[in-house]
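Listing of upload.txt, compact mmCIF, C-alpha atoms
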# COMPACT_ATOMS: atom_id res chain seq x y z
CA GLU L 1 0.00 0.00 0.00
CA ALA L 2 2.87 2.33 0.84
CA HIS L 3 4.36 1.59 -2.57
CA LEU L 4 1.02 2.36 -4.25
CA GLN L 5 0.74 5.70 -2.43
CA GLN L 6 4.29 6.56 -3.39
CA ASP L 7 3.64 5.67 -7.02
CA SER L 8 0.44 7.73 -6.93
CA ARG L 9 2.30 10.76 -5.58
CA LYS L 10 4.94 10.36 -8.27
CA SER L 11 2.25 10.17 -10.94
CA MET L 12 0.38 13.23 -9.67
CA SER L 13 3.53 15.29 -9.27
CA GLY L 14 4.63 14.33 -12.76
CA ARG L 15 1.47 15.37 -14.59
CA LYS L 16 2.31 19.04 -15.08
CA PRO L 17 5.94 18.52 -16.16
CA ILE L 18 4.76 15.93 -18.71
CA ALA L 19 2.35 18.49 -20.21
CA LYS L 20 5.13 21.06 -20.29
CA GLU L 21 7.50 18.55 -21.89
CA LYS L 22 4.99 17.79 -24.63
CA ARG L 23 4.58 21.49 -25.37
CA ALA L 24 8.33 21.99 -25.42
CA GLN L 25 8.67 19.05 -27.81
CA SER L 26 6.02 20.45 -30.17
CA GLY L 27 8.80 22.32 -31.96
CA ASP L 28 7.18 25.73 -31.60
CA LYS L 29 9.17 28.56 -30.07
CA TYR L 30 7.82 32.02 -29.29
CA SER L 31 10.01 35.10 -29.69
CA VAL L 32 8.64 38.14 -27.82
CA LEU L 33 9.76 41.44 -29.33
CA LEU L 34 9.86 44.25 -26.76
CA PRO L 35 10.80 47.63 -28.29
CA THR L 36 11.66 49.99 -25.42
CA TYR L 37 12.23 53.69 -24.95
CA GLU L 38 12.39 55.03 -21.40
CA GLU L 39 10.83 51.94 -19.80
CA ARG L 40 13.24 51.58 -16.88
CA GLU L 41 10.48 51.18 -14.27
CA ASN L 42 8.22 48.91 -16.34
CA LEU L 43 10.79 46.53 -17.85
CA PRO L 44 11.59 44.38 -14.76
CA LEU L 45 7.91 43.70 -14.10
CA ILE L 46 6.89 42.94 -17.70
CA VAL L 47 9.85 40.57 -18.06
CA TRP L 48 9.00 38.85 -14.77
CA LEU L 49 5.39 38.38 -15.89
CA LEU L 50 6.48 37.04 -19.28
CA VAL L 51 8.86 34.54 -17.69
CA LYS L 52 6.19 33.51 -15.17
CA HIS L 53 3.45 32.80 -17.72
CA PHE L 54 5.73 31.09 -20.23
CA GLU L 55 7.29 28.89 -17.56
CA GLU L 56 3.90 27.94 -16.14
CA SER L 57 2.47 27.10 -19.56
CA GLY L 58 5.58 25.21 -20.65
CA TYR L 59 6.09 26.85 -24.04
CA SER L 60 9.58 27.50 -25.40
CA TYR L 61 10.33 31.23 -25.57
CA GLU L 62 12.81 34.09 -25.72
CA ILE L 63 12.40 37.79 -24.95
CA ILE L 64 14.17 40.15 -27.35
CA ILE L 65 14.59 43.66 -25.93
CA ILE L 66 15.18 46.35 -28.55
CA ASP L 67 16.10 49.54 -26.73
CA ASP L 68 16.49 52.76 -28.70
CA ASN L 69 19.21 54.37 -26.58
CA SER L 70 16.88 55.34 -23.75
CA PRO L 71 18.33 58.21 -21.68
CA ASP L 72 16.77 56.81 -18.48
CA GLY L 73 19.05 53.74 -18.34
CA THR L 74 16.57 51.15 -19.67
CA LEU L 75 19.40 49.20 -21.32
CA GLU L 76 21.33 48.93 -18.05
CA VAL L 77 18.22 47.46 -16.41
CA ALA L 78 17.87 45.03 -19.34
CA LYS L 79 21.46 43.88 -18.84
CA GLU L 80 20.73 43.10 -15.19
CA LEU L 81 17.65 41.14 -16.23
CA GLN L 82 19.77 39.18 -18.69
CA LYS L 83 22.15 38.25 -15.86
CA LEU L 84 19.17 37.14 -13.78
CA TYR L 85 17.31 35.04 -16.35
CA GLY L 86 20.13 34.07 -18.72
CA GLU L 87 21.20 35.00 -22.23
CA GLU L 88 19.05 32.27 -23.81
CA LYS L 89 15.87 33.80 -22.40
CA ILE L 90 16.76 37.51 -22.52
CA VAL L 91 18.28 38.67 -25.80
CA LEU L 92 19.51 42.27 -26.02
CA ARG L 93 19.54 43.95 -29.42
CA PRO L 94 19.85 47.71 -28.71
CA ARG L 95 19.99 50.44 -31.35
CA LYS L 96 21.82 53.76 -31.35
CA ALA L 97 18.76 56.03 -31.63
CA LYS L 98 14.97 56.16 -31.59
CA LEU L 99 14.21 54.88 -35.08
CA GLY L 100 10.53 53.90 -34.99
CA LEU L 101 8.38 50.87 -34.22
CA GLY L 102 8.40 49.23 -37.65
CA THR L 103 12.18 49.25 -37.92
CA ALA L 104 12.41 47.96 -34.33
CA TYR L 105 10.38 44.92 -35.36
CA ILE L 106 12.52 44.40 -38.47
CA HIS L 107 15.62 44.59 -36.28
CA GLY L 108 14.17 42.18 -33.74
CA ILE L 109 12.99 39.59 -36.27
CA LYS L 110 16.53 39.27 -37.62
CA HIS L 111 17.58 37.92 -34.24
CA ALA L 112 14.45 35.87 -33.46
CA SER L 113 15.01 32.11 -33.28
CA GLY L 114 11.32 31.27 -32.78
CA ASN L 115 8.87 30.27 -35.51
CA PHE L 116 6.23 32.48 -33.89
CA VAL L 117 6.67 36.13 -32.93
CA LEU L 118 4.74 38.05 -30.28
CA LEU L 119 4.47 41.82 -30.50
CA MET L 120 3.49 43.71 -27.36
CA ASP L 121 4.17 46.92 -25.46
CA ALA L 122 6.69 47.01 -22.64
CA ASP L 123 4.68 49.50 -20.56
CA LEU L 124 2.43 46.88 -18.88
CA SER L 125 -0.63 47.85 -20.91
CA HIS L 126 -0.56 44.33 -22.39
CA HIS L 127 -0.67 41.60 -19.74
CA PRO L 128 1.29 38.41 -20.54
CA LYS L 129 -1.48 36.32 -18.92
CA PHE L 130 -3.27 36.44 -22.29
CA ILE L 131 -0.38 34.84 -24.19
CA PRO L 132 -1.38 31.21 -23.45
CA GLU L 133 -4.86 32.10 -24.77
CA PHE L 134 -3.29 33.52 -27.95
CA ILE L 135 -1.32 30.31 -28.45
CA LYS L 136 -4.33 28.09 -27.76
CA LYS L 137 -6.47 30.06 -30.23
CA GLN L 138 -3.76 29.90 -32.89
CA LYS L 139 -3.44 26.14 -32.57
CA GLU L 140 -7.21 25.57 -32.59
CA GLY L 141 -7.72 27.42 -35.87
CA ASN L 142 -4.21 27.15 -37.33
CA TYR L 143 -4.30 30.93 -37.74
CA ASP L 144 -1.52 33.01 -39.28
CA ILE L 145 -2.19 35.90 -36.89
CA ILE L 146 -3.85 36.23 -33.50
CA SER L 147 -4.80 39.77 -32.54
CA GLY L 148 -5.73 40.91 -29.06
CA THR L 149 -8.95 42.91 -29.21
CA ARG L 150 -10.26 45.51 -26.79
CA TYR L 151 -13.53 45.91 -28.64
CA ASP L 152 -15.02 42.41 -28.74
CA VAL L 153 -17.06 40.73 -25.98
CA GLY L 154 -14.81 40.17 -22.98
CA GLY L 155 -12.31 42.88 -23.93
CA GLY L 156 -11.95 46.35 -22.45
CA VAL L 157 -9.86 49.44 -21.72
CA TYR L 158 -8.96 50.62 -18.22
CA GLY L 159 -7.25 53.78 -16.99
CA TRP L 160 -7.99 56.03 -19.97
CA ASP L 161 -9.80 59.34 -19.65
CA LEU L 162 -12.82 60.08 -21.84
CA ARG L 163 -10.75 61.98 -24.43
CA ARG L 164 -8.38 59.05 -24.99
CA LYS L 165 -11.25 56.56 -25.20
CA LEU L 166 -13.06 58.73 -27.75
CA ILE L 167 -9.91 59.07 -29.86
CA SER L 168 -9.31 55.33 -29.85
CA ARG L 169 -12.94 54.42 -30.52
CA GLY L 170 -13.22 57.04 -33.22
CA ALA L 171 -10.00 55.93 -34.90
CA ASN L 172 -11.11 52.32 -34.86
CA PHE L 173 -14.62 53.15 -36.13
CA LEU L 174 -13.25 55.20 -39.04
CA ALA L 175 -10.83 52.42 -39.95
CA GLN L 176 -13.62 49.83 -39.82
CA PHE L 177 -15.92 52.00 -41.98
CA LEU L 178 -13.33 52.86 -44.61
CA LEU L 179 -11.22 49.70 -44.79
CA ARG L 180 -13.52 46.78 -43.86
CA PRO L 181 -10.62 44.81 -42.42
CA GLY L 182 -12.52 41.86 -40.92
CA ALA L 183 -10.98 42.47 -37.46
CA SER L 184 -12.52 44.32 -34.51
CA ASP L 185 -9.39 46.09 -33.22
CA LEU L 186 -7.18 47.60 -35.90
CA THR L 187 -5.08 49.91 -33.76
CA GLY L 188 -4.02 47.42 -31.08
CA SER L 189 -0.44 46.20 -30.94
CA PHE L 190 -0.72 42.97 -28.92
CA ARG L 191 -0.43 40.23 -31.56
CA LEU L 192 0.97 36.81 -32.34
CA TYR L 193 2.30 36.10 -35.83
CA ARG L 194 3.84 33.22 -37.68
CA LYS L 195 7.36 34.50 -38.19
CA GLU L 196 7.31 34.24 -41.99
CA VAL L 197 3.93 35.99 -42.12
CA LEU L 198 5.21 38.88 -40.03
CA GLN L 199 8.29 39.19 -42.23
CA ASP L 200 6.13 39.27 -45.36
CA LEU L 201 3.70 41.85 -43.97
CA ILE L 202 6.45 44.15 -42.75
CA SER L 203 8.01 44.08 -46.21
CA ARG L 204 4.65 45.23 -47.64
CA CYS L 205 3.97 48.02 -45.14
CA VAL L 206 4.99 51.63 -45.68
CA SER L 207 3.38 53.26 -42.64
CA LYS L 208 5.12 54.33 -39.45
CA GLY L 209 3.99 54.97 -35.90
CA TYR L 210 0.45 54.07 -34.85
CA VAL L 211 -0.73 53.51 -38.44
CA PHE L 212 1.76 50.66 -38.80
CA GLN L 213 -0.35 48.24 -36.72
CA MET L 214 -3.45 49.08 -38.72
CA GLU L 215 -1.74 48.57 -42.06
CA MET L 216 -0.46 45.16 -40.93
CA ILE L 217 -4.01 43.83 -40.52
CA VAL L 218 -5.25 45.48 -43.73
CA ARG L 219 -2.37 43.97 -45.73
CA ALA L 220 -3.00 40.61 -44.09
CA ARG L 221 -6.57 40.69 -45.40
CA GLN L 222 -5.31 41.62 -48.88
CA VAL L 223 -2.87 38.72 -49.01
CA GLY L 224 -5.35 36.26 -47.54
CA TYR L 225 -3.74 35.49 -44.20
CA SER L 226 -6.10 34.16 -41.54
CA VAL L 227 -6.68 36.29 -38.44
CA GLY L 228 -8.11 35.10 -35.11
CA GLU L 229 -8.97 37.33 -32.16
CA VAL L 230 -8.70 36.99 -28.38
CA PRO L 231 -10.43 39.52 -26.08
CA ILE L 232 -7.94 41.36 -23.86
CA SER L 233 -8.03 43.94 -21.09
CA PHE L 234 -5.90 46.94 -22.02
CA VAL L 235 -4.60 48.88 -19.01
CA ASP L 236 -3.05 52.34 -19.34
CA ARG L 237 0.69 52.43 -18.75
CA VAL L 238 1.73 52.14 -15.10
CA TYR L 239 4.89 54.29 -15.17
CA GLY L 240 5.85 57.08 -17.55
CA GLU L 241 3.78 59.20 -19.90
CA SER L 242 1.77 58.12 -22.91
CA LYS L 243 3.52 58.71 -26.22
CA LEU L 244 0.25 59.55 -28.03
CA GLY L 245 0.14 63.21 -29.00
CA GLY L 246 -1.24 65.56 -31.63
CA THR L 247 1.44 64.61 -34.15
CA GLU L 248 0.54 60.93 -33.87
CA ILE L 249 -3.17 61.69 -34.37
CA VAL L 250 -2.47 63.69 -37.55
CA SER L 251 -0.19 60.90 -38.81
CA TYR L 252 -2.94 58.37 -38.14
CA ALA L 253 -5.47 60.37 -40.18
CA LYS L 254 -3.04 60.68 -43.10
CA GLY L 255 -2.22 56.97 -42.92
CA LEU L 256 -5.89 56.01 -42.84
CA LEU L 257 -6.59 58.02 -45.98
CA TYR L 258 -3.56 56.49 -47.69
CA LEU L 259 -4.75 52.97 -46.92
CA PHE L 260 -8.27 53.82 -48.06
CA ALA L 261 -6.87 55.03 -51.39
CA THR L 262 -4.52 52.09 -51.95
CA THR L 263 -6.41 49.03 -50.65
Would you kindly transcribe this structure into structure tokens?
Amino acid sequence: EAHLQQDSRKSMSGRKPIAKEKRAQSGDKYSVLLPTYEERENLPLIVWLLVKHFEESGYSYEIIIIDDNSPDGTLEVAKELQKLYGEEKIVLRPRKAKLGLGTAYIHGIKHASGNFVLLMDADLSHHPKFIPEFIKKQKEGNYDIISGTRYDVGGGVYGWDLRRKLISRGANFLAQFLLRPGASDLTGSFRLYRKEVLQDLISRCVSKGYVFQMEMIVRARQVGYSVGEVPISFVDRVYGESKLGGTEIVSYAKGLLYLFATT
């Protein structure tokens, strides 16, 4: 009886590692691209959350930090995180200046060893707890892209004032009306891509800034890539100031009109 109890304990304690081992052996690896600029306070927490949720779910991963020469010492914090978690998990690919989001992704993809790539913000507005749901959804439908949506049932936005909510809702409504993209959240930036799909879409896109994310989904529809959606809770950045200003809003309007004219 003692032997049976011991065997039972071994079996129960071994269930979770076996599941993790199967996922690790699936051959899929997830490269998280984290472009950063002045994210010194947020970076340690977002990395800790990423490590936590990937380790618990058992998927193979790496976190690629692309810092654009932040004056607040973000890169120094990233180096300490690399010492803590290891060079295999934390990959540093800094750049000499602030060169834009699209080029940050291009730079990061060159160093990504995974066959799937996750794009997300480093300011804690995108919670890593949704990543296992992204992966599950992708596998269920064999999708090329999974997009986190704030505007479908179960999604939401927290911490924004009325002005910011109106801007976001208005921008998304205009894009839906003009472009008919077949996705509920065009301006979000929390997404999972097959690596080759992301590379192809980036090569097709000409937009910069906030329009870049919108063009990615519009081009995906043009090419015929499949897009699945997962409802997410978007929370306004914890530390630092939002980078959305009047210039970005004008750029968005110009980009929207360009896409309307060319798609």
Length of the CA of His111 (chain L) to CA of Thr36 (chain L) vector [Å]: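 Straight-line distance from CA of His111 (chain L) to CA of Thr36 (chain L) works out to 16.1 Å.
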Selected residue, from L:Val91, L:Val218, L:Leu192, L:Leu119, that lies nearest to Ile106 (chain L) when counting all atoms listed in the file: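 Once distances to Ile106 (chain L) are computed over all atoms listed in the file, the minimum belongs to L:Leu119.
With CA of Gly228 (chain L) on one side and CA of Arg194 (chain L) on the other, the separation reads 12.4 Å.
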Interatomic distance (Å, one decimal) between CA of Tyr143 (chain L) and CA of Trp48 (chain L):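 Value for the CA of Tyr143 (chain L)-CA of Trp48 (chain L) distance: 27.7 Å.
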Among the residues L:Arg221, L:Lys52, L:Glu215, L:Pro44, the one that comes closest to Lys129 (chain L) [using only C-alpha atoms]: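 Closest to Lys129 (chain L) of all the choices is L:Lys52.
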Polymer residues at most 10 Å from Val47 (chain L), all atoms listed in the file, same-chain spacing of 2 or more positions, as a ChimeraX atom specification: /L:34,42-45,49-52,63,65,78,81,85,90,122,124,128
Write the residues of the preceding selection, restricted to C-alpha atoms, as an mmCIF file, in the frame of the given file.
data_model
loop_
_atom_site.group_PDB
_atom_site.id
_atom_site.type_symbol
_atom_site.label_atom_id
_atom_site.label_comp_id
_atom_site.auth_asym_id
_atom_site.auth_seq_id
_atom_site.Cartn_x
_atom_site.Cartn_y
_atom_site.Cartn_z
ATOM 1 C CA LEU L 34 9.860 44.250 -26.760
ATOM 2 C CA ASN L 42 8.220 48.910 -16.340
ATOM 3 C CA LEU L 43 10.790 46.530 -17.850
ATOM 4 C CA PRO L 44 11.590 44.380 -14.760
ATOM 5 C CA LEU L 45 7.910 43.700 -14.100
ATOM 6 C CA LEU L 49 5.390 38.380 -15.890
ATOM 7 C CA LEU L 50 6.480 37.040 -19.280
ATOM 8 C CA VAL L 51 8.860 34.540 -17.690
ATOM 9 C CA LYS L 52 6.190 33.510 -15.170
ATOM 10 C CA ILE L 63 12.400 37.790 -24.950
ATOM 11 C CA ILE L 65 14.590 43.660 -25.930
ATOM 12 C CA ALA L 78 17.870 45.030 -19.340
ATOM 13 C CA LEU L 81 17.650 41.140 -16.230
ATOM 14 C CA TYR L 85 17.310 35.040 -16.350
ATOM 15 C CA ILE L 90 16.760 37.510 -22.520
ATOM 16 C CA ALA L 122 6.690 47.010 -22.640
ATOM 17 C CA LEU L 124 2.430 46.880 -18.880
ATOM 18 C CA PRO L 128 1.290 38.410 -20.540
#
Option closest in space to Glu41 (chain L), from L:Gly73, L:Gly114, L:Pro94, L:Gly108 [counting only C-alpha atoms]: L:Gly73
Test item: residues at most 6 Å from Tyr61 (chain L), all atoms listed in the file, excluding those fewer than 4 positions along its chain, as a list in words: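 Contacts, with the query itself left out: Lys29, Tyr30 and Ser31 of chain L.
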